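Enquirer: The structure that follows is given in the form of structure tokens.
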Amino acid sequence: MHWADYTAQRLIERGGEQVSASGITPSGEFHIGHLREILSAEMIHRACLDAGIQSKYIFIVDSMDPLRRVYEFLSPEYKRYIGHPLAFIPAPGPDGKPGDGKQTYAEHFLAPFLKALSEIGVLPEVVMNHETYESGRFAEYIDLAISKREEIRGIVQDISGRELADDWFPYNPMGSDGSLDGVTVTGYENPFVLWVDSHGIEGKSDIRKAEGKMPWRIDWAARWAIHGITCEPAGKDHGAAGGSYDTGIPICRVLGGDPPDKIVYEWIQLKGMGPMSSSTGLTVGPMEALSLVPPEILRYVIARSKINRHIEFDTGSALFRTADEYERLVSSPAQEESGMTKRQLVAAQTQSGAIRMSQVESGSDPRESIGGVSFRHLSMLAQIKSSDEDVWSSLNRSGHIQGEPGKSLVVRLARMRTWIEGPHFPEDAKIEIKMALSDESRDNLDDESKQFLSALSTLLSECEWSDEGINESIANACESSGIPRRKGYSSIYWALIGRSHGPKASSLLFEMDRGGVLSLLRNA
RNA sequence: GGGCCUGUAGCUUAGUCAGGUAGAGCGCCGGGCUUUUAACCCGGUGGCCGGGGGUUCGAAUCCCCUCAGGCCCGCCA
């Protein structure tokens with residue numbers, strides 16, 4: 001069974017309406033690692049719906065979290081906003097300087113991420129956490145946490161092993177300058193928390209408004225209670241023993257809530273680069289990933305892996321393998337047959353679950369996502385056909401499509417071209433036409449091959465220079481020189497691109513300069 | 001120091017919770033395809049399940065030890 005379906009089964013036992021949730025701090029550019037946070041929860045949500053139970057999916061944006069430091073992409077002017085909630089500071093402009101404030105910092109980074117999410121079929125109910133504070137929904141939990149302060153302190157200290165300061169308080173008020181840092185609580189008179197800030201200014205925060213926030217471990221537990229969250233997969237950082245998941249569960253109960261079961265997902269790493277890190281610049285943005293990869297393949301990368309396993313996100317040749325695997329499973333779906341062993345049955349169920357979870361539109365026919373053309377075939381056409389029109393006519397001739405290409409196929413080709421032209425496209429997938437015969441090629445061409453190529457060059461100098469004409473010439477040259485077709489094609493590839501295999505030879509030749517082809521063949 | 005995850009064929013991995021003769025895909029090798037040759041079809045090769053010990057009639061699976069890789073233990077989410 002697929003992990004999302006398995007989790008859904010457990011949630012059904014729990015009963016009631018299910019609420020899956022994700023939470024991310026919009027402190028900077030979102031990256032591919034955040035997609036796992038989102039998709040882990042969203043796929044469980046979908047599995048619940050598929051199982052016929054009530055479920056919703058919410059994305060809580062930690063907009064009340066303060067700016068922690070001046071990141072690389074920010075100008076030094078942001079120093080004065082350190083400690084201020086991300087919802088209350090201006091978005092950076094292209095120069096990294098604070099903008100005019102029309103858009104907040106949180107919105108600035110959130111907007112493109114939400115757009116990317118919609119492209120992969122994720123349409124969450126978005127909750128800006130600062131708005132939940134503003135609405136007063138946190139108030140009763142803040143009050144409760146303050147009155148049970150010692151009990152909560154005990155939980156955090158016992159489970160996390162961390163010593164909390166004597167003046168620890170489960171609510172951080174915002175000071176006179178709007179910063180959450182350096183504000184000392186001096187008293188509590190419901191609904192006001194009294195404080196003195198780092199400038200020595202005294203004031204009070206209304207817990208019914210966004211005038212302060214609870215520390216992370218308490219905030220998380222409270223929001224489970226507020227939103228009735230039953231499922232929130234968290235990154236393994238939260239999942240560590242004594243981490244915020246372990247303290248959140250009992251704290252949530254203290255606050256009168258029914259916490260979700262602990263679910264921990266592993267991280268996505270970039271191939272050969274270790275974990276995603278904004279400080280080292282080793283990130284692949286979701287938008288960048290989507291500019292290369294078809295959305296269902298991106299979903300499949302997450303869906304195919306068990307939730308507790310690392311994923312190495314590889315934008316190189318592994319993408320071909322992943323796409324091949326996806327297409328193979330779509331075209332010949334895993335069948336459950338009698339006589340299968342238990343293991344084979346489980347594997348078949350898991351695979352079909354992964355394909356189901358990979359669809360951009362839940363419940364749609366996976367075959368439509370491929371659009372009739374394989375990822376590999378498209379990569380070849382995109383390289384040898386400079387204009388899109390030529391790609392479409394080639395696909396029509398080959399019978400892959402009939403008439404105009406579908407909308408998804410047009411987008412697919414655009415993504416493919418971006419990938420091919422960008423830095424991630426694997427070298428060994430590039431088609432490079434040789435100017436002269438390499439030594440390696442020479443070694444792979446025996447007399448029979450050379451004879452064939454010579455015969456071919458003669459036929460090619462006379463035939464009609466079209467896909468069909470070239471193809472016919474190749475067939476005839478094989479025939480006349482008595483060479484097996486496989487070897488004939490292989491000879492052509494050695495002569496033209498220095499490899500034993502390649503894309504459809506006639507299409508390749510047709511795109512090339514006729515004189516160049518003839519000279520390469522004759523010199524072989 | 002404490003804890004979590006991972007280690008199965010050249011590569012990616014399933015199977016570990018509920019112990020019963022190691023499965024898959026890719027790659028590779030061979031064959032086929034009278035014209036879609038990075039395609040498709042058929043067949044084959046390939047694993048002392050990281051290592052050691054224990055429990056058991058029987059261990060990839062449970063227990064202990066060990067090696068290797070990744071990660072977490074900051075009012076940082």
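Order determines the names: the first chain of the structure tokens is A, the second B, and so forth; residues in each chain are numbered 1 upward, and ligands are numbered 1 upward as they are shown.
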As a count of residues only, please: the residues near Tyr188 in chain A (cut-off 9 Å, only C-alpha atoms (C1' of nucleotides), same-chain neighbours under 6 positions excluded).
Expert: 4
Enquirer: Residues of chain A were defined as contacting chain B if any atom lay at most 7 Å from it, counting only C-alpha atoms (C1' of nucleotides); please report them as a PyMOL selection string.
Expert: chain A and resi 25+215+237+240-241+343+347+398+471-472+475+486+489+501-504
Enquirer: Based on DSSP run over this structure's backbone, return all residues of range 197-273 of chain A in alpha helix (DSSP H), as a list in words.
Expert: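 Matching residues, listed in order: Trp216, Arg217, Ile218, Asp219, Trp220, Ala221, Ala222, Arg223, Trp224, Ala225, Ile226, His227, Lys236, Asp237, His238, Gly239, Ser244, Tyr245, Asp246, Thr247, Gly248, Ile249, Pro250, Ile251, Cys252, Arg253 and Val254 of chain A.
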Enquirer: Leaving out A18 in chain B and any residue of its chain fewer than 2 positions from it, which residues lie within 12 Å of it when counting only C-alpha atoms (C1' of nucleotides), given as a ChimeraX atom specification?
Expert: /B:16,61-62
Enquirer: If you run DSSP over the backbone, which residues in range 53-252 of chain A end up strand (DSSP E)? Put them as a PyMOL selection string.
Expert: chain A and resi 55-61+125-128+172-173+184-189+192-196+202-206+212-213+234-235
Enquirer: Take CA of Ile207 in chain A and CA of Ile226 in chain A and report the distance between them in Å, one decimal.
Expert: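 Between these atoms lies a distance of 15.0 Å.
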Enquirer: What lies within 12 Å of Ile82 in chain A using only C-alpha atoms (C1' of nucleotides), ignoring chain neighbours under 3 positions off, as a list in words?
Expert: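 The residues satisfying every condition are Ser27, Asp65, Pro66, Leu67, Arg68, Arg69, Val70, Tyr71, Leu74, Pro76, Glu77, Tyr78, Lys79, Pro85, Leu86, Phe88, Ile89, Asp177, Gly178, Ser179, Leu180, Asp181 and Gly182 of chain A.
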Enquirer: Write to file, as an mmCIF file, in the first residue's frame, the residues of the selection just made, with C-alpha atoms.
Expert:
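So out.cif came out as:
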```cif
data_model
loop_
_atom_site.group_PDB
_atom_site.id
_atom_site.type_symbol
_atom_site.label_atom_id
_atom_site.label_comp_id
_atom_site.auth_asym_id
_atom_site.auth_seq_id
_atom_site.Cartn_x
_atom_site.Cartn_y
_atom_site.Cartn_z
ATOM 1 C CA SER A 27 12.002 33.787 5.381
ATOM 2 C CA ASP A 65 7.844 34.518 12.742
ATOM 3 C CA PRO A 66 10.494 37.186 13.097
ATOM 4 C CA LEU A 67 13.288 37.950 10.660
ATOM 5 C CA ARG A 68 16.253 36.148 12.195
ATOM 6 C CA ARG A 69 19.165 37.723 10.394
ATOM 7 C CA VAL A 70 20.126 39.673 7.301
ATOM 8 C CA TYR A 71 20.332 36.992 4.627
ATOM 9 C CA LEU A 74 19.087 41.290 1.631
ATOM 10 C CA PRO A 76 22.234 45.685 5.259
ATOM 11 C CA GLU A 77 19.285 48.018 5.766
ATOM 12 C CA TYR A 78 17.304 44.982 6.882
ATOM 13 C CA LYS A 79 19.310 44.949 10.086
ATOM 14 C CA PRO A 85 7.423 39.521 12.190
ATOM 15 C CA LEU A 86 7.749 38.792 8.475
ATOM 16 C CA PHE A 88 5.021 43.420 9.169
ATOM 17 C CA ILE A 89 8.152 44.292 7.242
ATOM 18 C CA ASP A 177 9.687 49.318 17.885
ATOM 19 C CA GLY A 178 7.825 46.253 16.593
ATOM 20 C CA SER A 179 10.546 43.747 17.461
ATOM 21 C CA LEU A 180 9.972 40.514 19.343
ATOM 22 C CA ASP A 181 13.581 40.451 20.518
ATOM 23 C CA GLY A 182 14.724 41.686 23.876
#
```
